[in-house]
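For reference, model_30.cif is printed below; it contains mmCIF, C-alpha atoms and all ligand atoms.
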data_structure
#
loop_
_atom_site.label_atom_id
_atom_site.label_comp_id
_atom_site.auth_asym_id
_atom_site.auth_seq_id
_atom_site.Cartn_x
_atom_site.Cartn_y
_atom_site.Cartn_z
CA MET H 196 8.60 16.32 -52.36
CA SER H 197 9.42 13.43 -50.04
CA GLY H 198 7.07 12.66 -47.16
CA THR H 199 9.63 10.45 -45.43
CA ALA H 200 11.88 11.35 -42.53
CA GLU H 201 15.39 12.43 -43.46
CA GLY H 202 17.76 9.47 -43.53
CA ALA H 203 14.90 6.97 -43.60
CA ARG H 204 15.80 3.51 -44.89
CA ASN H 205 13.64 0.66 -46.02
CA ASN H 206 14.10 -2.52 -43.98
CA GLN H 207 12.81 -5.56 -45.82
CA VAL H 208 12.41 -9.18 -44.66
CA TYR H 209 13.21 -11.98 -47.10
CA LEU H 210 12.75 -15.73 -46.73
CA LYS H 211 16.23 -17.23 -46.26
CA GLN H 212 15.36 -20.92 -46.30
CA VAL H 213 12.46 -23.34 -46.32
CA PRO H 214 11.68 -23.69 -42.59
CA GLN H 215 11.69 -26.93 -40.63
CA GLY H 216 9.05 -26.85 -37.91
CA LEU H 217 7.94 -23.42 -36.75
CA LEU H 218 8.82 -20.48 -38.98
CA GLY H 219 10.97 -17.99 -37.09
CA PRO H 220 13.71 -15.36 -37.29
CA ASP H 221 16.44 -17.85 -38.32
CA ASP H 222 14.52 -18.55 -41.53
CA MET H 223 14.52 -14.90 -42.52
CA GLU H 224 17.02 -12.33 -43.64
CA VAL H 225 16.69 -8.58 -43.10
CA ARG H 226 18.05 -6.34 -45.88
CA GLN H 227 18.23 -2.58 -46.03
CA ALA H 228 17.41 -0.59 -49.14
CA PRO H 229 16.85 3.07 -49.95
CA VAL H 230 13.28 4.32 -49.67
CA PRO H 231 11.87 3.87 -53.20
CA GLU H 232 10.69 6.86 -55.26
CA PRO H 233 7.21 6.70 -56.75
CA GLY H 234 6.98 7.43 -60.48
CA ASP H 235 4.10 8.91 -62.45
CA GLY H 236 0.78 7.35 -61.43
CA GLU H 237 2.34 5.81 -58.30
CA VAL H 238 2.24 6.33 -54.54
CA LEU H 239 4.69 5.70 -51.71
CA ILE H 240 3.18 3.80 -48.77
CA GLU H 241 4.65 3.89 -45.27
CA SER H 242 3.89 0.71 -43.29
CA HIS H 243 2.35 1.21 -39.84
CA TYR H 244 1.14 -2.31 -38.98
CA LEU H 245 2.20 -5.75 -40.27
CA SER H 246 -0.49 -8.40 -40.45
CA MET H 247 0.40 -11.73 -38.81
CA ASP H 248 -1.39 -14.51 -40.67
CA ALA H 249 -1.07 -18.19 -39.80
CA ALA H 250 -1.45 -19.07 -43.49
CA LEU H 251 2.03 -17.72 -44.27
CA ARG H 252 3.47 -20.96 -42.86
CA LEU H 253 1.63 -22.83 -45.60
CA ILE H 254 2.97 -20.83 -48.53
CA VAL H 255 6.63 -21.00 -47.44
CA ARG H 256 6.53 -24.81 -47.68
CA ASP H 257 8.71 -26.49 -50.28
CA SER H 258 5.79 -27.54 -52.41
CA LYS H 259 4.83 -26.74 -55.96
CA ASP H 260 1.17 -27.44 -55.07
CA PHE H 261 0.49 -23.91 -53.88
CA LEU H 262 -0.24 -21.05 -56.24
CA PHE H 263 0.95 -18.26 -53.95
CA ARG H 264 4.30 -19.54 -52.80
CA VAL H 265 7.03 -17.56 -51.10
CA GLU H 266 10.37 -19.13 -51.98
CA PRO H 267 13.86 -18.62 -50.50
CA GLY H 268 15.14 -15.28 -51.78
CA ASP H 269 11.62 -13.75 -52.04
CA LEU H 270 10.41 -10.78 -50.05
CA ILE H 271 7.97 -12.25 -47.52
CA ARG H 272 4.52 -11.47 -48.77
CA ASN H 273 1.83 -10.28 -46.42
CA SER H 274 -0.54 -7.40 -45.89
CA ILE H 275 0.31 -4.16 -44.14
CA ALA H 276 -1.78 -1.22 -43.03
CA GLY H 277 -0.18 2.15 -43.56
CA LYS H 278 -0.32 5.67 -44.91
CA ILE H 279 0.36 7.27 -48.26
CA VAL H 280 3.28 9.64 -47.78
CA GLN H 281 3.86 10.63 -51.44
CA SER H 282 1.39 10.58 -54.29
CA ASN H 283 1.62 11.02 -58.03
CA HIS H 284 -1.71 9.25 -58.46
CA PRO H 285 -4.99 11.13 -59.09
CA ASP H 286 -7.08 8.82 -56.85
CA TRP H 287 -4.80 8.81 -53.80
CA ALA H 288 -3.75 11.70 -51.56
CA VAL H 289 -0.97 12.07 -49.01
CA GLY H 290 -2.46 11.08 -45.65
CA ASP H 291 -4.83 8.42 -47.01
CA TYR H 292 -4.76 5.21 -44.97
CA VAL H 293 -4.62 1.93 -46.86
CA VAL H 294 -4.28 -1.83 -46.57
CA ALA H 295 -1.84 -3.17 -49.14
CA GLY H 296 -0.35 -6.56 -49.95
CA VAL H 297 3.17 -5.19 -50.33
CA GLY H 298 5.11 -7.55 -48.06
CA VAL H 299 7.23 -7.12 -44.95
CA GLN H 300 8.96 -3.77 -45.39
CA ASN H 301 8.78 -0.19 -44.12
CA TYR H 302 8.02 1.45 -47.47
CA ALA H 303 6.58 0.32 -50.79
CA VAL H 304 5.65 1.90 -54.10
CA SER H 305 2.27 1.04 -55.61
CA ASP H 306 0.41 1.97 -58.77
CA GLY H 307 -2.82 1.69 -56.79
CA THR H 308 -3.70 -1.84 -57.90
CA GLY H 309 -5.25 -3.77 -55.03
CA LEU H 310 -5.01 -0.91 -52.53
CA GLU H 311 -7.85 -0.82 -50.06
CA ARG H 312 -8.92 2.52 -48.60
CA CYS H 313 -9.33 2.55 -44.80
CA ASP H 314 -11.73 4.95 -43.14
CA ILE H 315 -10.23 5.09 -39.65
CA SER H 316 -13.34 6.84 -38.29
CA LYS H 317 -15.10 3.48 -38.74
CA ALA H 318 -12.42 1.25 -37.20
CA PRO H 319 -8.82 1.83 -36.04
CA LEU H 320 -6.21 1.25 -38.74
CA SER H 321 -4.93 -1.99 -37.20
CA ALA H 322 -8.45 -3.45 -37.16
CA TRP H 323 -8.51 -3.21 -40.97
CA LEU H 324 -6.04 -6.11 -40.90
CA GLY H 325 -7.97 -8.07 -38.28
CA GLY H 326 -11.59 -8.02 -37.19
CA TYR H 327 -12.57 -5.44 -39.79
CA GLY H 328 -10.24 -7.02 -42.35
CA VAL H 329 -9.66 -10.46 -43.83
CA SER H 330 -9.83 -12.33 -40.48
CA GLY H 331 -13.21 -10.86 -39.55
CA LEU H 332 -14.58 -11.14 -43.09
CA THR H 333 -13.55 -14.79 -43.18
CA ALA H 334 -15.44 -15.45 -39.96
CA TYR H 335 -18.46 -13.43 -41.09
CA PHE H 336 -19.04 -15.25 -44.38
CA ALA H 337 -18.12 -18.64 -42.97
CA ILE H 338 -20.77 -18.26 -40.26
CA PHE H 339 -23.54 -16.30 -41.98
CA ASP H 340 -23.21 -17.68 -45.49
CA ALA H 341 -21.54 -21.09 -45.40
CA CYS H 342 -22.75 -22.44 -42.03
CA LYS H 343 -25.94 -20.47 -41.20
CA PRO H 344 -26.36 -21.91 -37.68
CA GLN H 345 -29.88 -21.72 -36.28
CA PRO H 346 -30.77 -20.66 -32.71
CA GLY H 347 -30.15 -23.56 -30.36
CA GLN H 348 -27.69 -25.36 -32.62
CA THR H 349 -24.17 -26.02 -31.36
CA VAL H 350 -21.09 -24.57 -33.07
CA VAL H 351 -17.61 -25.72 -32.04
CA ILE H 352 -14.81 -23.41 -33.14
CA ASN H 353 -11.18 -24.47 -32.86
CA GLY H 354 -8.32 -21.98 -32.98
CA ALA H 355 -10.99 -20.07 -31.08
CA ALA H 356 -8.76 -17.50 -29.41
CA GLY H 357 -7.09 -16.47 -32.69
CA ALA H 358 -7.89 -13.81 -35.26
CA VAL H 359 -10.56 -15.75 -37.17
CA GLY H 360 -11.78 -17.78 -34.19
CA THR H 361 -12.58 -14.83 -31.92
CA MET H 362 -14.73 -13.26 -34.62
CA ALA H 363 -16.39 -16.53 -35.65
CA GLY H 364 -17.44 -17.25 -32.08
CA GLN H 365 -19.01 -13.84 -31.65
CA PHE H 366 -20.85 -14.11 -34.98
CA ALA H 367 -22.18 -17.56 -34.10
CA LYS H 368 -23.48 -16.11 -30.83
CA LEU H 369 -25.16 -13.28 -32.76
CA ALA H 370 -26.82 -15.97 -34.89
CA GLY H 371 -28.28 -17.45 -31.69
CA ALA H 372 -26.17 -20.59 -31.58
CA ARG H 373 -24.57 -22.22 -28.57
CA VAL H 374 -20.83 -21.65 -29.03
CA ILE H 375 -17.97 -23.73 -27.70
CA GLY H 376 -14.39 -22.67 -28.31
CA ILE H 377 -11.32 -24.90 -28.38
CA ALA H 378 -8.05 -23.16 -27.51
CA GLY H 379 -4.68 -23.80 -25.91
CA GLY H 380 -4.50 -23.19 -22.14
CA PRO H 381 -6.87 -22.36 -19.29
CA GLU H 382 -6.25 -18.61 -19.45
CA LYS H 383 -7.34 -18.37 -23.09
CA CYS H 384 -10.37 -20.54 -22.41
CA ALA H 385 -11.50 -18.38 -19.48
CA TRP H 386 -11.01 -15.27 -21.64
CA LEU H 387 -13.20 -16.65 -24.42
CA VAL H 388 -16.08 -17.14 -21.98
CA ASP H 389 -15.60 -14.06 -19.79
CA GLU H 390 -14.59 -11.51 -22.43
CA LEU H 391 -16.11 -12.71 -25.67
CA GLY H 392 -19.28 -14.42 -24.42
CA PHE H 393 -18.59 -17.97 -25.61
CA ASP H 394 -20.87 -20.45 -23.80
CA ALA H 395 -17.98 -22.74 -22.96
CA ALA H 396 -14.33 -23.27 -23.89
CA VAL H 397 -12.20 -26.39 -23.89
CA ASP H 398 -8.41 -26.57 -23.49
CA TYR H 399 -7.08 -28.98 -26.12
CA LYS H 400 -3.71 -29.17 -24.39
CA ASP H 401 -5.06 -30.70 -21.19
CA GLY H 402 -6.84 -34.02 -20.74
CA ASP H 403 -9.17 -35.96 -23.00
CA LEU H 404 -10.53 -33.56 -25.60
CA TYR H 405 -13.27 -35.90 -26.76
CA GLU H 406 -14.61 -36.38 -23.23
CA LYS H 407 -14.56 -32.65 -22.64
CA LEU H 408 -16.47 -31.99 -25.87
CA VAL H 409 -19.11 -34.56 -24.96
CA GLU H 410 -19.53 -32.78 -21.64
CA ALA H 411 -19.64 -29.28 -23.13
CA ALA H 412 -21.95 -30.24 -26.05
CA PRO H 413 -24.33 -32.91 -24.72
CA ASP H 414 -26.52 -32.63 -27.85
CA ARG H 415 -23.54 -33.21 -30.19
CA ILE H 416 -21.95 -30.70 -32.58
CA ASP H 417 -23.93 -29.26 -35.49
CA PHE H 418 -21.04 -27.21 -36.93
CA ILE H 419 -17.31 -27.71 -36.58
CA PHE H 420 -15.57 -24.49 -37.60
CA ASP H 421 -12.14 -25.91 -38.34
CA ASN H 422 -9.14 -23.59 -38.22
CA VAL H 423 -6.52 -26.09 -37.07
CA GLY H 424 -7.20 -29.62 -38.35
CA GLY H 425 -5.22 -32.57 -36.93
CA HIS H 426 -6.03 -34.19 -33.58
CA VAL H 427 -8.36 -31.34 -32.54
CA LEU H 428 -10.50 -31.87 -35.63
CA ASP H 429 -10.44 -35.65 -35.22
CA GLU H 430 -11.73 -35.60 -31.66
CA SER H 431 -14.53 -33.21 -32.73
CA LEU H 432 -15.52 -35.40 -35.70
CA ARG H 433 -16.24 -38.25 -33.29
CA TRP H 434 -19.05 -36.12 -31.82
CA ILE H 435 -20.56 -34.57 -34.97
CA ALA H 436 -24.36 -34.38 -35.01
CA LEU H 437 -26.69 -35.96 -37.54
CA HIS H 438 -26.47 -33.88 -40.76
CA GLY H 439 -23.68 -31.82 -39.21
CA THR H 440 -21.27 -29.62 -41.17
CA VAL H 441 -17.49 -29.28 -40.98
CA LEU H 442 -16.39 -25.92 -42.35
CA LEU H 443 -12.80 -26.22 -43.56
CA CYS H 444 -11.41 -22.75 -42.92
CA GLY H 445 -7.77 -23.68 -42.22
CA SER H 446 -5.40 -26.35 -40.88
CA THR H 447 -2.90 -24.47 -38.75
CA SER H 448 -1.68 -27.61 -36.94
CA GLN H 449 -0.61 -29.16 -40.25
CA TYR H 450 1.20 -26.27 -41.95
CA SER H 451 4.49 -26.90 -40.07
CA GLN H 452 4.42 -30.68 -40.46
CA ASP H 453 6.71 -32.44 -42.98
CA GLU H 454 3.76 -34.58 -44.05
CA MET H 455 0.40 -32.85 -43.74
CA ALA H 456 -2.25 -35.34 -42.60
CA GLY H 457 -5.97 -35.44 -43.26
CA PRO H 458 -8.68 -36.37 -40.76
CA LYS H 459 -8.48 -39.88 -39.30
CA GLN H 460 -12.05 -39.85 -37.96
CA TYR H 461 -13.79 -39.11 -41.27
CA ILE H 462 -15.82 -42.31 -40.88
CA TRP H 463 -18.26 -40.40 -38.62
CA LEU H 464 -19.25 -38.21 -41.55
CA GLY H 465 -20.77 -41.24 -43.23
CA THR H 466 -22.55 -42.59 -40.20
CA MET H 467 -23.96 -39.18 -39.29
CA ARG H 468 -24.77 -38.13 -42.89
CA ALA H 469 -22.55 -35.09 -42.32
CA ARG H 470 -20.50 -33.06 -44.79
CA MET H 471 -17.22 -31.22 -45.08
CA GLN H 472 -17.17 -27.96 -46.96
CA GLY H 473 -14.24 -25.93 -48.26
CA PHE H 474 -14.22 -22.18 -47.86
CA VAL H 475 -12.20 -19.21 -49.18
CA VAL H 476 -13.08 -15.67 -48.12
CA PHE H 477 -12.12 -14.07 -51.42
CA ASP H 478 -15.19 -15.64 -53.06
CA TYR H 479 -17.20 -13.01 -51.16
CA ALA H 480 -15.20 -9.91 -52.15
CA ASP H 481 -18.22 -8.17 -53.69
CA ARG H 482 -19.99 -8.28 -50.30
CA PHE H 483 -17.19 -7.11 -48.01
CA GLU H 484 -18.73 -3.66 -47.56
CA THR H 485 -22.07 -5.12 -46.46
CA ALA H 486 -20.29 -7.29 -43.90
CA ARG H 487 -18.32 -4.30 -42.58
CA LYS H 488 -21.53 -2.29 -42.24
CA HIS H 489 -23.01 -4.99 -40.02
CA MET H 490 -19.78 -5.30 -38.02
CA SER H 491 -19.68 -1.57 -37.46
CA GLU H 492 -23.28 -1.53 -36.21
CA TRP H 493 -22.66 -4.44 -33.84
CA ALA H 494 -19.42 -2.90 -32.55
CA THR H 495 -21.17 0.43 -31.92
CA ALA H 496 -23.97 -1.39 -30.09
CA GLY H 497 -21.39 -3.17 -27.88
CA LYS H 498 -22.21 -6.56 -29.37
CA LEU H 499 -18.88 -7.20 -31.11
CA LYS H 500 -15.28 -6.85 -29.97
CA PHE H 501 -12.23 -6.69 -32.23
CA ALA H 502 -9.72 -8.53 -30.07
CA GLU H 503 -6.13 -7.62 -30.91
CA HIS H 504 -2.66 -8.64 -29.76
CA VAL H 505 -0.19 -5.86 -30.51
CA PHE H 506 3.49 -6.78 -30.82
CA GLU H 507 5.46 -3.51 -30.59
CA GLY H 508 8.53 -3.70 -32.79
CA ASP H 509 9.94 -3.02 -36.21
CA VAL H 510 10.07 -4.83 -39.52
CA GLN H 511 13.08 -6.91 -38.43
CA ASP H 512 11.01 -8.35 -35.53
CA PHE H 513 8.58 -10.01 -37.94
CA GLY H 514 10.22 -13.45 -37.55
CA GLN H 515 9.98 -13.40 -33.75
CA ALA H 516 6.38 -12.19 -33.91
CA PHE H 517 5.49 -14.99 -36.29
CA HIS H 518 7.10 -17.54 -33.98
CA ASP H 519 5.04 -16.09 -31.12
CA LEU H 520 1.87 -16.45 -33.21
CA TYR H 521 2.46 -20.17 -33.73
CA SER H 522 3.41 -20.58 -30.08
CA GLY H 523 -0.09 -19.35 -29.27
CA LYS H 524 0.94 -16.13 -27.53
CA ASN H 525 -1.86 -14.14 -29.20
CA LYS H 526 -5.41 -13.54 -28.10
CA GLY H 527 -7.23 -12.20 -31.14
CA LYS H 528 -5.53 -10.78 -34.20
CA MET H 529 -1.78 -10.36 -33.89
CA VAL H 530 -0.25 -7.32 -35.57
CA VAL H 531 3.23 -5.83 -35.39
CA LYS H 532 2.95 -2.13 -34.65
CA LEU H 533 5.81 -0.26 -36.33
CA PRO H 534 7.43 2.94 -35.04
CA ALA H 535 5.81 4.98 -37.86
CA ALA H 536 2.26 4.18 -36.63
CA ASP H 537 0.36 7.37 -35.79
CA SER H 538 -3.12 5.95 -35.15
N1 LIG H 601 -10.34 -20.01 -45.70
C1 LIG H 601 -10.02 -18.72 -45.69
O1 LIG H 601 -10.47 -17.93 -46.53
C2 LIG H 601 -9.11 -18.24 -44.60
C3 LIG H 601 -8.85 -16.86 -44.42
C4 LIG H 601 -8.02 -16.47 -43.35
C5 LIG H 601 -7.45 -17.43 -42.51
N2 LIG H 601 -7.72 -18.75 -42.75
C6 LIG H 601 -7.18 -19.80 -41.86
O2 LIG H 601 -7.69 -19.59 -40.57
C7 LIG H 601 -6.81 -20.20 -39.62
C8 LIG H 601 -6.57 -19.22 -38.47
O3 LIG H 601 -5.75 -18.17 -38.95
P1 LIG H 601 -5.46 -16.88 -38.08
O4 LIG H 601 -4.69 -15.95 -38.95
O5 LIG H 601 -6.72 -16.45 -37.42
O6 LIG H 601 -4.44 -17.42 -36.97
P2 LIG H 601 -4.59 -17.33 -35.39
O7 LIG H 601 -5.67 -18.30 -35.03
O8 LIG H 601 -4.70 -15.93 -34.96
O9 LIG H 601 -3.17 -17.85 -34.84
C9 LIG H 601 -2.77 -19.13 -34.84
C10 LIG H 601 -3.24 -19.88 -33.57
O10 LIG H 601 -3.21 -21.26 -33.90
C11 LIG H 601 -3.07 -21.99 -32.72
N3 LIG H 601 -2.17 -23.11 -33.00
C12 LIG H 601 -0.86 -23.07 -33.34
N4 LIG H 601 -0.39 -24.31 -33.52
C13 LIG H 601 -1.42 -25.15 -33.26
C14 LIG H 601 -1.57 -26.57 -33.26
N5 LIG H 601 -0.53 -27.39 -33.56
N6 LIG H 601 -2.77 -27.09 -32.96
C15 LIG H 601 -3.81 -26.30 -32.64
N7 LIG H 601 -3.74 -24.95 -32.62
C16 LIG H 601 -2.56 -24.38 -32.94
C17 LIG H 601 -2.52 -21.06 -31.63
O11 LIG H 601 -3.53 -20.92 -30.64
P3 LIG H 601 -3.62 -21.90 -29.36
O12 LIG H 601 -2.95 -21.18 -28.23
O13 LIG H 601 -5.08 -22.06 -29.14
O14 LIG H 601 -2.90 -23.16 -29.71
C18 LIG H 601 -2.35 -19.73 -32.38
O15 LIG H 601 -2.69 -18.62 -31.57
C19 LIG H 601 -5.54 -20.56 -40.39
O16 LIG H 601 -5.54 -21.96 -40.62
C20 LIG H 601 -5.68 -19.82 -41.70
O17 LIG H 601 -5.02 -20.47 -42.77
C21 LIG H 601 -8.53 -19.16 -43.76
#

Now, as a test, write the supplied structure out as structure tokens.
Ligand SMILES: NC(=O)c1ccc[n+]([C@@H]2O[C@H](COP(=O)([O-])OP(=O)(O)OC[C@H]3O[C@@H](n4cnc5c(N)ncnc54)[C@H](OP(=O)(O)O)[C@@H]3O)[C@@H](O)[C@H]2O)c1
Amino acid sequence: MSGTAEGARNNQVYLKQVPQGLLGPDDMEVRQAPVPEPGDGEVLIESHYLSMDAALRLIVRDSKDFLFRVEPGDLIRNSIAGKIVQSNHPDWAVGDYVVAGVGVQNYAVSDGTGLERCDISKAPLSAWLGGYGVSGLTAYFAIFDACKPQPGQTVVINGAAGAVGTMAGQFAKLAGARVIGIAGGPEKCAWLVDELGFDAAVDYKDGDLYEKLVEAAPDRIDFIFDNVGGHVLDESLRWIALHGTVLLCGSTSQYSQDEMAGPKQYIWLGTMRARMQGFVVFDYADRFETARKHMSEWATAGKLKFAEHVFEGDVQDFGQAFHDLYSGKNKGKMVVKLPAADS
């Protein structure tokens, strides 16, 4: 028996070409296909939310260096949150909510491999892509495991108003640190302080970033939580503290560049006996449930907010939503909410 609406079709978004500059709708092609039928041991998933992840811009580059590339002609790969609408699988029932890495489409068949069960009594379905999902888990382990800031130390987080940054700032505050966000525009900066409890926020698009950091962090910077790289990282490196740490989470500013550039101000690492450390969230997969338990407790106690930017649209709007993400239109995790969403 089909759990899909009569006449339903499956819109799918493919990469048309390697993008130049920002990735947007012109780089993508929307195709329509019939809704697939699950076979024995398979389920049919209906997409309700599309995850918008800055890292997609990195894997659509024309470079053989990356393991997880999306090439022209490929379905664009990303995570969705949705519902099982048909099941021939003993472990999954119709009505179960899941996160799945099935790409940008309305429907997908899965044999259950890699499906993540979502208990929506713990967090809304969309949050399983954001604060309660990979973005929040990234921030959690980067702060509590890789950085471990102590009370009174100063953490500077760039990309602070984004999916990872909003969570990282709140976690660093919970650790007792003094937290300074770097984000684009005065409105985002005010929001970080007023809504999320950052101690200060600095607009990297206006004025001398280095001078503003010196003013906001008079005792220098113990931890640079780097989401964006480039000029923003460079100006922060000039003010790193003795034995400071740079946590390399991402390099959003470089992903769209023809030539990705490394830090120019690395010399301060030597002088200040500081270090740079790489980080990948999937190294912590066996502890995700522990992290979510803590997040749930903090959220219930009013100490943690899952900030979300909902783009209402359909699968074919993915390209515009992604362009909006890189234009900085989001505060918190951006998701595309699809018409099928019921929670
Ligand atoms: N290491 C890991 O395991 C891991 C896991 C997940 C994500 N990541 C990384 O974390 C970073 C953040 O990802 P996200 O999904 O949370 O994205 P996001 O921060 O929600 O969205 C991207 C933001 O980047 C900012 N931005 C865009 N272009 C910029 C530029 N040229 N310079 C400075 N800022 C720019 C914009 O904010 P403004 O308005 O402030 O410019 C935009 O809102 C990415 O680099 C991603 O690859 C790493």

Minimum-distance residue to H:Ala395, chosen among H:Ile416, H:Val409, H:Val374, H:Val225 (using only C-alpha atoms): H:Val374

Can I get the residues of chain H within 8 Å of ligand LIG 601 (chain H), each with the closest pair of atoms and their distance in Å to one decimal, using all atoms listed in the file, sorted chain first then ascending number, as a Markdown table?
| residue | atom | partner | partner_atom | distance |
| --- | --- | --- | --- | --- |
| H:Met247 | CA | H:LIG601 | O4 | 6.6 |
| H:Asp248 | CA | H:LIG601 | O4 | 4.0 |
| H:Ala249 | CA | H:LIG601 | O4 | 4.3 |
| H:Ala250 | CA | H:LIG601 | O17 | 3.9 |
| H:Leu251 | CA | H:LIG601 | O17 | 7.7 |
| H:Leu253 | CA | H:LIG601 | O17 | 7.6 |
| H:Val329 | CA | H:LIG601 | C4 | 6.2 |
| H:Ser330 | CA | H:LIG601 | C4 | 5.4 |
| H:Thr333 | CA | H:LIG601 | C3 | 5.3 |
| H:Asn353 | CA | H:LIG601 | N7 | 7.5 |
| H:Gly354 | CA | H:LIG601 | O7 | 5.0 |
| H:Ala355 | CA | H:LIG601 | O13 | 6.5 |
| H:Ala356 | CA | H:LIG601 | O13 | 5.9 |
| H:Gly357 | CA | H:LIG601 | O7 | 3.3 |
| H:Ala358 | CA | H:LIG601 | O5 | 3.6 |
| H:Val359 | CA | H:LIG601 | O5 | 3.9 |
| H:Gly360 | CA | H:LIG601 | O5 | 6.1 |
| H:Ile377 | CA | H:LIG601 | O13 | 6.9 |
| H:Ala378 | CA | H:LIG601 | O13 | 3.6 |
| H:Gly379 | CA | H:LIG601 | O13 | 3.7 |
| H:Gly380 | CA | H:LIG601 | O12 | 6.6 |
| H:Lys383 | CA | H:LIG601 | O12 | 7.3 |
| H:Asp398 | CA | H:LIG601 | O13 | 8.0 |
| H:Tyr399 | CA | H:LIG601 | C15 | 7.8 |
| H:Asp421 | CA | H:LIG601 | C7 | 7.9 |
| H:Asn422 | CA | H:LIG601 | C7 | 4.3 |
| H:Val423 | CA | H:LIG601 | C15 | 5.2 |
| H:Gly424 | CA | H:LIG601 | N6 | 7.4 |
| H:Gly425 | CA | H:LIG601 | N6 | 7.2 |
| H:His426 | CA | H:LIG601 | N6 | 7.8 |
| H:Val427 | CA | H:LIG601 | C15 | 6.8 |
| H:Leu443 | CA | H:LIG601 | N1 | 7.0 |
| H:Cys444 | CA | H:LIG601 | N1 | 4.0 |
| H:Gly445 | CA | H:LIG601 | O16 | 3.2 |
| H:Ser446 | CA | H:LIG601 | O16 | 4.4 |
| H:Thr447 | CA | H:LIG601 | O16 | 4.1 |
| H:Ser448 | CA | H:LIG601 | N5 | 3.6 |
| H:Gln449 | CA | H:LIG601 | N5 | 6.9 |
| H:Gly473 | CA | H:LIG601 | N1 | 7.5 |
| H:Phe474 | CA | H:LIG601 | N1 | 4.9 |
| H:Val475 | CA | H:LIG601 | O1 | 3.4 |
| H:Val476 | CA | H:LIG601 | O1 | 3.8 |
| H:Phe477 | CA | H:LIG601 | O1 | 6.4 |
| H:Leu520 | CA | H:LIG601 | O15 | 5.3 |
| H:Tyr521 | CA | H:LIG601 | C12 | 4.4 |
| H:Ser522 | CA | H:LIG601 | C12 | 5.9 |
| H:Gly523 | CA | H:LIG601 | O15 | 3.5 |
| H:Lys524 | CA | H:LIG601 | O15 | 6.0 |
| H:Asn525 | CA | H:LIG601 | O15 | 5.1 |
| H:Lys526 | CA | H:LIG601 | O15 | 6.7 |
| H:Gly527 | CA | H:LIG601 | O8 | 5.9 |
| H:Lys528 | CA | H:LIG601 | O8 | 5.3 |
| H:Met529 | CA | H:LIG601 | O8 | 6.4 |

For H:Ala341, please output as a PDB file with C-alpha atoms, in the coordinates of the input all residues within 10 Å (counting only C-alpha atoms; exclusion window: fewer than 3 positions along the same chain).
ATOM      1  CA  ALA H 334     -15.440 -15.450 -39.960  1.00  0.00           C
ATOM      2  CA  TYR H 335     -18.460 -13.430 -41.090  1.00  0.00           C
ATOM      3  CA  PHE H 336     -19.040 -15.250 -44.380  1.00  0.00           C
ATOM      4  CA  ALA H 337     -18.120 -18.640 -42.970  1.00  0.00           C
ATOM      5  CA  ILE H 338     -20.770 -18.260 -40.260  1.00  0.00           C
ATOM      6  CA  PRO H 344     -26.360 -21.910 -37.680  1.00  0.00           C
ATOM      7  CA  THR H 440     -21.270 -29.620 -41.170  1.00  0.00           C
ATOM      8  CA  LEU H 442     -16.390 -25.920 -42.350  1.00  0.00           C
ATOM      9  CA  GLN H 472     -17.170 -27.960 -46.960  1.00  0.00           C
ATOM     10  CA  GLY H 473     -14.240 -25.930 -48.260  1.00  0.00           C
ATOM     11  CA  PHE H 474     -14.220 -22.180 -47.860  1.00  0.00           C
TER      12      PHE H 474
END

Selection near stretch 490-496 of chain H, 10 Å with all atoms listed in the file, sequence-local residues under 2 positions removed, as a VMD selection string: chain H and resid 317 to 318 326 to 327 331 to 332 335 366 369 484 to 488 498 to 501

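Here atom CA of H:Asp291 and atom CA of H:Ile279 stand 5.5 Å from one another.
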
Residue contacts of H:Leu320 (9 Å, only C-alpha atoms) excluding same-chain residues fewer than 6 positions away, as a PyMOL selection string: chain H and resi 243-244+276-277+292-294+313-314+538
